[in-house]
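The file my_file34.cif comes next; it holds mmCIF, C-alpha atoms.
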```
data_run
loop_
_atom_site.group_PDB
_atom_site.id
_atom_site.type_symbol
_atom_site.label_atom_id
_atom_site.label_comp_id
_atom_site.auth_asym_id
_atom_site.auth_seq_id
_atom_site.Cartn_x
_atom_site.Cartn_y
_atom_site.Cartn_z
ATOM 1 C CA MET E 1375 -8.042 -4.050 13.466
ATOM 2 C CA ALA E 1376 -8.409 -6.906 15.930
ATOM 3 C CA THR E 1377 -10.426 -8.879 13.373
ATOM 4 C CA VAL E 1378 -7.924 -8.264 10.572
ATOM 5 C CA HIS E 1379 -4.991 -9.434 12.697
ATOM 6 C CA ASP E 1380 -6.949 -12.223 14.442
ATOM 7 C CA ARG E 1381 -6.055 -10.800 17.844
ATOM 8 C CA SER E 1382 -8.084 -9.717 20.842
ATOM 9 C CA SER E 1383 -8.940 -6.030 21.281
ATOM 10 C CA SER E 1384 -6.913 -5.929 24.480
ATOM 11 C CA GLY E 1385 -3.919 -7.386 22.640
ATOM 12 C CA ILE E 1386 -4.133 -4.686 19.964
ATOM 13 C CA ARG E 1387 -4.399 -1.953 22.611
ATOM 14 C CA ALA E 1388 -1.381 -3.349 24.449
ATOM 15 C CA GLN E 1389 0.704 -3.389 21.274
ATOM 16 C CA LEU E 1390 -0.323 0.167 20.366
ATOM 17 C CA ALA E 1391 0.691 1.354 23.828
ATOM 18 C CA ALA E 1392 4.058 -0.364 23.457
ATOM 19 C CA MET E 1393 4.642 1.368 20.117
ATOM 20 C CA CYS E 1394 3.997 4.857 21.519
ATOM 21 C CA PRO E 1395 7.018 6.868 22.726
ATOM 22 C CA ALA E 1396 8.037 5.655 26.167
ATOM 23 C CA GLU E 1397 8.465 9.168 27.547
ATOM 24 C CA LEU E 1398 4.728 9.848 27.143
ATOM 25 C CA GLY E 1399 3.803 7.105 29.584
ATOM 26 C CA LEU E 1400 0.469 6.555 27.846
ATOM 27 C CA ALA E 1401 -2.006 4.082 29.283
ATOM 28 C CA ARG E 1402 -3.397 1.417 26.974
ATOM 29 C CA SER E 1403 -6.759 3.178 26.842
ATOM 30 C CA LEU E 1404 -5.158 6.352 25.420
ATOM 31 C CA ALA E 1405 -2.676 4.833 22.982
ATOM 32 C CA ALA E 1406 -5.130 4.347 20.112
ATOM 33 C CA GLU E 1407 -6.474 7.901 20.452
ATOM 34 C CA TRP E 1408 -2.944 9.352 20.480
ATOM 35 C CA THR E 1409 -1.968 7.339 17.395
ATOM 36 C CA VAL E 1410 -5.078 8.410 15.466
ATOM 37 C CA ARG E 1411 -4.444 12.085 16.292
ATOM 38 C CA ARG E 1412 -0.864 11.808 15.036
ATOM 39 C CA LEU E 1413 -2.030 10.237 11.791
ATOM 40 C CA GLN E 1414 -4.766 12.837 11.299
ATOM 41 C CA ARG E 1415 -2.217 15.634 11.698
ATOM 42 C CA GLY E 1416 0.013 13.968 9.148
ATOM 43 C CA ASP E 1417 2.894 13.524 11.579
ATOM 44 C CA GLY E 1418 2.399 9.876 12.359
ATOM 45 C CA HIS E 1419 5.946 8.968 11.344
ATOM 46 C CA TYR E 1420 8.153 8.325 14.339
ATOM 47 C CA ASP E 1421 10.568 5.609 15.340
ATOM 48 C CA TRP E 1422 8.110 3.176 16.905
ATOM 49 C CA ARG E 1423 10.749 0.435 16.796
ATOM 50 C CA ARG E 1424 12.819 2.561 19.179
ATOM 51 C CA SER E 1425 9.771 2.838 21.429
ATOM 52 C CA LEU E 1426 9.356 -0.926 21.475
ATOM 53 C CA ARG E 1427 12.987 -1.495 22.320
ATOM 54 C CA ALA E 1428 12.954 1.209 24.998
ATOM 55 C CA LYS E 1429 10.237 -0.837 26.691
ATOM 56 C CA ARG E 1430 12.305 -4.002 26.303
ATOM 57 C CA ARG E 1431 9.965 -5.354 23.623
ATOM 58 C CA VAL E 1432 11.403 -7.513 20.865
ATOM 59 C CA TYR E 1433 10.406 -6.625 17.316
ATOM 60 C CA TRP E 1434 11.551 -8.258 14.091
ATOM 61 C CA SER E 1435 11.015 -6.598 10.720
ATOM 62 C CA MET E 1436 11.077 -8.443 7.397
ATOM 63 C CA ASP E 1437 14.568 -7.039 6.802
ATOM 64 C CA ASP E 1438 15.646 -8.324 10.215
ATOM 65 C CA ASP E 1439 14.303 -11.766 9.364
ATOM 66 C CA GLN E 1440 16.265 -11.802 6.128
ATOM 67 C CA LEU E 1441 19.425 -10.835 7.995
ATOM 68 C CA LEU E 1442 18.780 -13.698 10.406
ATOM 69 C CA ARG E 1443 18.351 -16.158 7.543
ATOM 70 C CA THR E 1444 21.639 -15.003 6.049
ATOM 71 C CA ALA E 1445 23.395 -15.164 9.415
ATOM 72 C CA TRP E 1446 22.098 -18.700 9.934
ATOM 73 C CA ALA E 1447 23.208 -19.843 6.479
ATOM 74 C CA ASP E 1448 26.634 -18.237 6.936
ATOM 75 C CA ARG E 1449 26.980 -19.643 10.471
ATOM 76 C CA GLU E 1450 27.680 -16.233 11.942
ATOM 77 C CA ALA E 1451 28.387 -16.149 15.671
ATOM 78 C CA LEU E 1452 25.223 -15.827 17.746
ATOM 79 C CA PRO E 1453 26.769 -13.319 20.209
ATOM 80 C CA VAL E 1454 27.703 -11.048 17.292
ATOM 81 C CA VAL E 1455 24.245 -11.311 15.725
ATOM 82 C CA ALA E 1456 22.547 -10.610 19.058
ATOM 83 C CA ALA E 1457 24.748 -7.561 19.633
ATOM 84 C CA HIS E 1458 23.919 -6.260 16.152
ATOM 85 C CA PHE E 1459 20.193 -6.270 16.929
ATOM 86 C CA GLY E 1460 20.594 -5.135 20.521
ATOM 87 C CA TYR E 1461 18.862 -8.232 21.894
ATOM 88 C CA VAL E 1462 20.015 -11.068 24.108
ATOM 89 C CA GLU E 1463 21.046 -14.348 22.506
ATOM 90 C CA HIS E 1464 17.899 -16.098 23.683
ATOM 91 C CA ASP E 1465 15.702 -13.584 21.813
ATOM 92 C CA VAL E 1466 17.584 -14.342 18.611
ATOM 93 C CA HIS E 1467 17.284 -18.087 19.206
ATOM 94 C CA LYS E 1468 13.522 -17.772 19.684
ATOM 95 C CA ARG E 1469 13.193 -15.926 16.389
ATOM 96 C CA LEU E 1470 15.313 -18.535 14.632
ATOM 97 C CA THR E 1471 12.910 -21.233 15.798
ATOM 98 C CA GLU E 1472 9.885 -19.156 14.767
ATOM 99 C CA LEU E 1473 11.386 -18.813 11.285
ATOM 100 C CA GLY E 1474 11.843 -22.572 11.094
ATOM 101 C CA LEU E 1475 15.629 -22.301 10.945
ATOM 102 C CA SER E 1476 16.461 -23.847 14.303
ATOM 103 C CA THR E 1477 14.688 -26.763 15.934
ATOM 104 C CA SER E 1478 16.318 -26.652 19.369
ATOM 105 C CA TYR E 1479 18.883 -24.901 21.545
ATOM 106 C CA GLN E 1480 21.359 -27.588 20.546
ATOM 107 C CA ALA E 1481 20.752 -26.852 16.856
ATOM 108 C CA THR E 1482 21.371 -23.136 17.399
ATOM 109 C CA LEU E 1483 24.528 -23.833 19.385
ATOM 110 C CA THR E 1484 25.847 -26.175 16.696
ATOM 111 C CA GLN E 1485 25.118 -23.760 13.850
ATOM 112 C CA MET E 1486 26.028 -20.402 15.399
ATOM 113 C CA GLY E 1487 27.683 -20.996 18.742
ATOM 114 C CA ALA E 1488 26.753 -19.060 21.882
ATOM 115 C CA THR E 1489 28.260 -17.442 24.953
ATOM 116 C CA PRO E 1490 29.381 -20.383 27.144
ATOM 117 C CA THR E 1491 27.806 -18.889 30.268
ATOM 118 C CA GLY E 1492 24.610 -17.749 28.536
ATOM 119 C CA VAL E 1493 21.070 -19.107 28.508
ATOM 120 C CA VAL E 1494 21.309 -20.704 25.062
ATOM 121 C CA SER E 1495 24.410 -22.709 26.009
ATOM 122 C CA ALA E 1496 22.900 -23.748 29.337
ATOM 123 C CA ARG E 1497 19.669 -24.951 27.777
ATOM 124 C CA ALA E 1498 21.537 -26.731 24.999
ATOM 125 C CA ARG E 1499 23.474 -28.630 27.666
ATOM 126 C CA ARG E 1500 20.212 -29.510 29.386
ATOM 127 C CA GLU E 1501 18.734 -30.745 26.111
ATOM 128 C CA SER E 1502 21.770 -32.898 25.404
ATOM 129 C CA ALA E 1503 21.501 -34.418 28.895
ATOM 130 C CA LEU E 1504 18.122 -35.946 28.040
ATOM 131 C CA PRO E 1505 18.152 -39.547 26.829
ATOM 132 C CA PRO E 1506 18.057 -39.997 23.046
ATOM 133 C CA LEU E 1507 14.753 -40.371 21.236
ATOM 134 C CA SER E 1508 12.905 -38.234 23.735
ATOM 135 C CA VAL E 1509 9.917 -36.014 23.066
ATOM 136 C CA THR E 1510 8.142 -33.287 24.989
ATOM 137 C CA VAL E 1511 4.441 -33.823 25.618
ATOM 138 C CA LEU E 1512 2.098 -30.833 25.697
ATOM 139 C CA GLN E 1513 -1.420 -31.274 27.039
ATOM 140 C CA VAL E 1514 -4.007 -28.481 27.143
ATOM 141 C CA THR E 1515 -7.477 -28.869 28.658
ATOM 142 C CA GLY E 1516 -10.516 -26.629 28.406
ATOM 143 C CA MET E 1517 -9.280 -24.768 25.338
ATOM 144 C CA ALA E 1518 -11.289 -22.603 22.945
ATOM 145 C CA SER E 1519 -10.809 -22.837 19.190
ATOM 146 C CA ALA E 1520 -12.413 -21.558 16.000
ATOM 147 C CA SER E 1521 -14.469 -24.750 15.722
ATOM 148 C CA GLY E 1522 -15.583 -24.772 19.364
ATOM 149 C CA PRO E 1523 -14.428 -26.015 22.772
ATOM 150 C CA VAL E 1524 -11.585 -28.553 22.873
ATOM 151 C CA PRO E 1525 -11.783 -30.627 26.085
ATOM 152 C CA VAL E 1526 -8.268 -32.084 25.761
ATOM 153 C CA ALA E 1527 -5.500 -31.438 23.224
ATOM 154 C CA VAL E 1528 -2.311 -33.528 23.375
ATOM 155 C CA SER E 1529 0.697 -33.091 21.094
ATOM 156 C CA LEU E 1530 4.279 -34.398 20.915
ATOM 157 C CA HIS E 1531 7.253 -32.153 20.145
ATOM 158 C CA SER E 1532 10.921 -32.693 19.375
ATOM 159 C CA SER E 1533 12.044 -30.331 22.139
ATOM 160 C CA ARG E 1534 10.703 -28.241 24.989
ATOM 161 C CA ASP E 1535 11.331 -25.142 22.904
ATOM 162 C CA ALA E 1536 9.152 -26.521 20.101
ATOM 163 C CA ALA E 1537 6.449 -27.315 22.654
ATOM 164 C CA TYR E 1538 6.543 -23.716 23.881
ATOM 165 C CA MET E 1539 6.072 -22.517 20.306
ATOM 166 C CA ALA E 1540 2.964 -24.697 20.040
ATOM 167 C CA LEU E 1541 1.749 -23.407 23.403
ATOM 168 C CA ARG E 1542 2.042 -19.810 22.180
ATOM 169 C CA GLU E 1543 -0.153 -20.638 19.193
ATOM 170 C CA LEU E 1544 -2.723 -22.422 21.383
ATOM 171 C CA THR E 1545 -2.710 -19.419 23.722
ATOM 172 C CA ARG E 1546 -3.474 -17.148 20.777
ATOM 173 C CA LEU E 1547 -6.349 -19.405 19.697
ATOM 174 C CA HIS E 1548 -7.826 -19.618 23.182
ATOM 175 C CA GLN E 1549 -7.707 -15.866 23.695
ATOM 176 C CA ALA E 1550 -9.165 -15.219 20.250
ATOM 177 C CA HIS E 1551 -12.212 -17.452 20.780
ATOM 178 C CA SER E 1552 -12.769 -17.832 24.544
ATOM 179 C CA ALA E 1553 -15.019 -14.768 24.835
ATOM 180 C CA ARG E 1554 -17.276 -15.925 21.994
ATOM 181 C CA LEU E 1555 -17.543 -19.386 23.534
ATOM 182 C CA ARG E 1556 -17.869 -17.987 27.075
ATOM 183 C CA MET E 1557 -14.973 -20.082 28.327
ATOM 184 C CA GLY E 1558 -12.661 -19.403 31.233
ATOM 185 C CA PRO E 1559 -8.956 -20.197 31.626
ATOM 186 C CA ALA E 1560 -7.440 -23.258 29.984
ATOM 187 C CA SER E 1561 -4.835 -25.402 31.746
ATOM 188 C CA TRP E 1562 -1.622 -26.823 30.304
ATOM 189 C CA TRP E 1563 1.021 -29.366 31.276
ATOM 190 C CA MET E 1564 4.356 -30.123 29.647
ATOM 191 C CA TRP E 1565 6.792 -32.957 30.351
ATOM 192 C CA PRO E 1566 9.553 -34.918 28.551
ATOM 193 C CA ARG E 1567 9.364 -38.675 27.999
ATOM 194 C CA LEU E 1568 10.950 -41.364 25.872
ATOM 195 C CA VAL E 1569 9.380 -42.003 22.488
ATOM 196 C CA ASP E 1570 8.643 -45.639 23.322
ATOM 197 C CA SER E 1571 7.521 -45.089 26.911
ATOM 198 C CA HIS E 1572 4.944 -43.025 28.779
ATOM 199 C CA ARG E 1573 7.255 -42.651 31.779
ATOM 200 C CA PRO E 1574 8.354 -39.028 32.363
ATOM 201 C CA ILE E 1575 12.127 -38.564 32.301
ATOM 202 C CA GLY E 1576 12.491 -34.969 33.449
ATOM 203 C CA ARG E 1577 10.814 -32.113 35.224
ATOM 204 C CA ASP E 1578 7.284 -31.179 34.268
ATOM 205 C CA GLU E 1579 5.789 -27.708 33.973
ATOM 206 C CA SER E 1580 2.233 -26.471 34.128
ATOM 207 C CA GLY E 1581 0.250 -23.288 33.945
ATOM 208 C CA SER E 1582 -2.947 -21.680 32.746
ATOM 209 C CA ILE E 1583 -4.028 -19.673 29.717
ATOM 210 C CA ALA E 1584 -6.132 -16.666 30.637
ATOM 211 C CA PRO E 1585 -9.192 -15.964 28.489
ATOM 212 C CA ALA E 1586 -9.398 -12.787 26.460
ATOM 213 C CA ALA E 1587 -10.144 -9.668 28.477
ATOM 214 C CA SER E 1588 -13.722 -8.558 28.029
#
```
Re-express the file's structure as structure tokens.
Amino acid sequence: MATVHDRSSSGIRAQLAAMCPAELGLARSLAAEWTVRRLQRGDGHYDWRRSLRAKRRVYWSMDDDQLLRTAWADREALPVVAAHFGYVEHDVHKRLTELGLSTSYQATLTQMGATPTGVVSARARRESALPPLSVTVLQVTGMASASGPVPVAVSLHSSRDAAYMALRELTRLHQAHSARLRMGPASWWMWPRLVDSHRPIGRDESGSIAPAAS
């Protein structure tokens, strides 16, 4: 299953545990066994989406994605859309960017609006406070990839949100291949700067990407 989905074994176990009914309190190591037993008995059908949401996990089905596309095209109010799905506005914004509909908090705010005191509005204001023609730089060092180790990877993004999307993909790659390449954690840095200058113009962030669990 991990190979088919290009995920680590620990990632698959974690997702299985999240999909099991919350009231069972199953550990990751028991989730796969419980799921297989349910399927073997022919009673594997249960509301696993409810289980995910009970554990505050966000899940989007293909039908949900289509509803989001329609809501975006029709410029439906973000607070209403978020309430429909039972998620916070920021969760909906993240999915809109993953679907390629929105490119920034400001784009979401312009298209669908947002609660004035909410996270989306606040981050849109922060984006608009940056000087024009700015980009967010993402640098990752010591990263694993399908083709081998990558000493340094640098990319430019139109917004911090877009940079975080790229970081999620690089995290997935590192965790998928770090064990095979026997690599440890990777490090990342992110900062905004003007397009025509290397001088940072805002706060920087940094962190590490843990390798896949053995």
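With distances taken over all atoms listed in the file, E:Leu1452 is the one residue among E:Ala1587, E:Leu1452, E:Ala1560, E:Ile1575 lying closest to Pro1490 of chain E.
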To verify the selection step, state as a PyMOL selection string which residues the PyMOL selection byres ((chain E and resi 1564-1566) around 10) yields on this input. chain E and resi 1504-1505+1508-1514+1528-1534+1537-1538+1541+1562-1563+1567-1569+1572-1581
Using all atoms listed in the file, the residue out of E:Lys1468, E:Pro1453, E:Ala1405, E:Asp1448 with shortest distance to Gly1492 of chain E is E:Pro1453
Residue members of the PyMOL selection byres ((chain E and resi 1516) around 12) in the file shown, as a list of chain:residue names: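 Taken over the shown coordinates, the PyMOL selection byres ((chain E and resi 1516) around 12) returns E:Gln1513, E:Val1514, E:Thr1515, E:Met1517, E:Ala1518, E:Ser1519, E:Gly1522, E:Pro1523, E:Val1524, E:Pro1525, E:Val1526, E:Ala1527, E:Val1528, E:Leu1544, E:Thr1545, E:His1548, E:Ser1552, E:Leu1555, E:Arg1556, E:Met1557, E:Gly1558, E:Pro1559, E:Ala1560, E:Ser1561, E:Trp1562, E:Ser1582, E:Ile1583, E:Ala1584, E:Pro1585.
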I need the chosen residues saved as a compact mmCIF listing (two decimals), keeping the file's coordinate frame, with C-alpha atoms.
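What follows is the written file out14.txt:
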```
# COMPACT_ATOMS: atom_id res chain seq x y z
CA GLN E 1513 -1.42 -31.27 27.04
CA VAL E 1514 -4.01 -28.48 27.14
CA THR E 1515 -7.48 -28.87 28.66
CA MET E 1517 -9.28 -24.77 25.34
CA ALA E 1518 -11.29 -22.60 22.94
CA SER E 1519 -10.81 -22.84 19.19
CA GLY E 1522 -15.58 -24.77 19.36
CA PRO E 1523 -14.43 -26.02 22.77
CA VAL E 1524 -11.58 -28.55 22.87
CA PRO E 1525 -11.78 -30.63 26.08
CA VAL E 1526 -8.27 -32.08 25.76
CA ALA E 1527 -5.50 -31.44 23.22
CA VAL E 1528 -2.31 -33.53 23.38
CA LEU E 1544 -2.72 -22.42 21.38
CA THR E 1545 -2.71 -19.42 23.72
CA HIS E 1548 -7.83 -19.62 23.18
CA SER E 1552 -12.77 -17.83 24.54
CA LEU E 1555 -17.54 -19.39 23.53
CA ARG E 1556 -17.87 -17.99 27.08
CA MET E 1557 -14.97 -20.08 28.33
CA GLY E 1558 -12.66 -19.40 31.23
CA PRO E 1559 -8.96 -20.20 31.63
CA ALA E 1560 -7.44 -23.26 29.98
CA SER E 1561 -4.84 -25.40 31.75
CA TRP E 1562 -1.62 -26.82 30.30
CA SER E 1582 -2.95 -21.68 32.75
CA ILE E 1583 -4.03 -19.67 29.72
CA ALA E 1584 -6.13 -16.67 30.64
CA PRO E 1585 -9.19 -15.96 28.49
```
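Of the residues listed (E:His1551, E:Arg1449, E:His1458, E:Arg1469), E:Arg1469 shows the shortest atom-to-atom separation from Met1539 of chain E; distances use all atoms listed in the file.
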Just give me the gap between atom CA of Arg1497 of chain E and atom CA of Tyr1479 of chain E in Å, one decimal is fine.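 Between these atoms lies a distance of 6.3 Å.
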Between atom CA of Val1462 of chain E and atom CA of Cys1394 of chain E, distance in Å (one decimal):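 We find that atom CA of Val1462 of chain E and atom CA of Cys1394 of chain E lie 22.7 Å from each other.
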Counting all atoms listed in the file, the option among E:Gln1485, E:Ser1478, E:Ser1383, E:Ser1435 closest to Ala1498 of chain E: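 Using all atoms listed in the file, Ala1498 of chain E sits closest to E:Ser1478.
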Which is closest to Ala1447 of chain E among E:Ala1406, E:Ala1553, E:Ser1476, E:Gly1460, if we use only C-alpha atoms?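 The shortest atom-to-atom distance to Ala1447 of chain E comes from E:Ser1476.
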When you count all atoms listed in the file, which of these residues is closest to Ala1451 of chain E: E:Thr1482, E:Ser1403, E:Thr1471, E:Ser1502?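 Answer, going by the shortest atom-to-atom distance: E:Thr1482.
Atom pair atom CA of Arg1411 of chain E / atom CA of Val1432 of chain E: separated by 25.6 Å.
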